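J.: Quick one: the structure is below, and I'll ask about it shortly.
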Amino acid sequence: MKVAADSVVSIEYELRVADGTVVDRSPPGEPLEYLQGHGQIVPGLEREIEGMGQGDRKHVVVQPEDAYGARDPEGLKVVPRAMFPKGAKLKVGQMMAAETDAGQEVEFRVDQVTDDAVTIDLNHPLAGEVLTFDVHVTGVRGATAEELEHGHSHGGGHHHHHHE
Ligand code: ZN
């Protein structure tokens with residue numbers, strides 16, 4: 001069968017940014033399984049996988065607008081150094097997470113550090129990047145009713161978090 005909406009697709013992939021650095025890949029022998037058409041992977045890649053079959057390989061270039069979006073200058077925020085734990089070593093480029101007053105977890109990258117202020121970048125680390133995927137479809141099957149109801153696949157043997 002070919003990949004269509006509501007297919008459960010298994011892919012091996014390697015993701016590179018423009019300078020050729022590999023920033024993500026599926027672990028050897030552990031393809032990523034996802035439900036096609038439910039926004040679980042970046043839109044530009046999902047669109048290109050549509051119609052592929054088991055064993056097919058493709059080289060896909062995805063522009064930022066079809067991936068993690070453009071970098072938003074508003075995503076840069078200056079916060080007092082005192083908001084970080086006293087002993088915390090802050091390294092430029094480091095990813096960190098914090099909880100907002102509303103209890104929501106936000107991830108950010110440390111952009112600049114001075115004695116009393118830290119500039120943080122709330123943009124997705126891959127925002128603004130042209131992404132190149134080498135993708136190999138290792139399996140395609142129809143989704144179960146339960147998978148469709150949940151909006152994600154229930155992969156064999158993989159840990160799966162079941163929400164009520
Ligand atoms: Zn589920």
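Letters for chains follow the order of the structure tokens (A, B, ...), residue numbers begin at 1 for each chain, and ligand numbers begin at 1 in the order shown.
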Which neighbours of A:His136 fall inside 12 Å, counting only C-alpha atoms, when residues of the same chain fewer than 5 positions from it are skipped, and could you give them as a VMD selection string?

T.: chain A and resid 9 to 15 25 to 26 29 31 to 33 45 48 to 49 52 to 60

J.: Might you pull out every residue within 12 Å of A:Met95, with only C-alpha atoms counted and same-chain residues fewer than 3 positions away left off, and present them as a list of chain:residue names?

T.: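 Selected residues are A:Leu90, A:Lys91, A:Val92, A:Ala98, A:Val106, A:Glu107, A:Phe108, A:Arg109, A:Val110, A:Asp111, A:Ile120, A:Asp121, A:Leu122, A:Asn123, A:His124, A:Pro125.
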
J.: Using DSSP secondary structure from the backbone, list all alpha helix (DSSP H) positions within stretch 12-156 of chain A, as number ranges by chain.

T.: A: 43-49, 145-150

J.: Using only C-alpha atoms and all ligand atoms, can you tell me which of A:Val61, A:Leu35, A:Leu126, A:Arg71 comes closest to ligand 1?

T.: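 Closest to ligand 1 of all the choices is A:Leu35.
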
J.: Atom CA of A:Phe133 and atom CA of A:Val22, how far apart in Å?

T.: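 If I compute the distance from atom CA of A:Val22 to atom CA of A:Phe133, I get 9.6 Å.
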
J.: Out of A:Asp115, A:Asp134, A:Asp19, A:Glu146, which residue has the shortest atom-to-atom distance to ligand 1 when counting only C-alpha atoms and all ligand atoms?

T.: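 Closest to ligand 1 of all the choices is A:Glu146.
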
J.: Determine which residues of stretch 84-147 of chain A receive a DSSP assignment of strand (DSSP E), computed from the backbone, and state them as number ranges by chain.

T.: A: 95-99, 105-113, 117-121, 131-142

J.: Return the single residue from A:Gln36, A:Gly20, A:Gly93, A:Glu30 that is closest to A:Leu148, with distances computed using only C-alpha atoms.

T.: A:Gln36

J.: A:Ala82, A:Tyr34, A:Val42, A:Ala67: which is nearest ligand 1, counting only C-alpha atoms and all ligand atoms?

T.: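 Smallest distance to ligand 1 is found for A:Tyr34.
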
J.: Hey, what's within 8 Å of A:Asp66 if we count only C-alpha atoms and toss same-chain stuff fewer than 4 positions away? As a PDB file with N, CA and C atoms, in the first residue's frame, please?

T.:
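New file out_39.pdb:
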ATOM      1  N   VAL A  42       6.971  17.347  10.362  1.00  0.00           N
ATOM      2  CA  VAL A  42       6.857  18.668   9.733  1.00  0.00           C
ATOM      3  C   VAL A  42       6.067  18.553   8.431  1.00  0.00           C
ATOM      4  N   PRO A  43       5.231  19.572   8.148  1.00  0.00           N
ATOM      5  CA  PRO A  43       4.309  19.490   7.012  1.00  0.00           C
ATOM      6  C   PRO A  43       5.002  19.212   5.673  1.00  0.00           C
ATOM      7  N   GLY A  44       6.152  19.839   5.434  1.00  0.00           N
ATOM      8  CA  GLY A  44       6.844  19.668   4.156  1.00  0.00           C
ATOM      9  C   GLY A  44       7.307  18.239   3.930  1.00  0.00           C
ATOM     10  N   VAL A  62      13.140  20.809   2.683  1.00  0.00           N
ATOM     11  CA  VAL A  62      11.972  21.492   3.237  1.00  0.00           C
ATOM     12  C   VAL A  62      12.349  22.917   3.653  1.00  0.00           C
TER      13      VAL A  62
END

J.: How many Å lie between atom CA of A:Gly69 and atom CA of A:Ala117, rounded to one decimal?

T.: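 Answer for the atom CA of A:Gly69 to atom CA of A:Ala117 separation: 27.4 Å.
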
J.: Restricting the calculation to only C-alpha atoms and all ligand atoms, which member of A:Glu147, A:Gly155, A:Lys77, A:Glu129 is positioned closest to ligand 1?

T.: A:Glu147
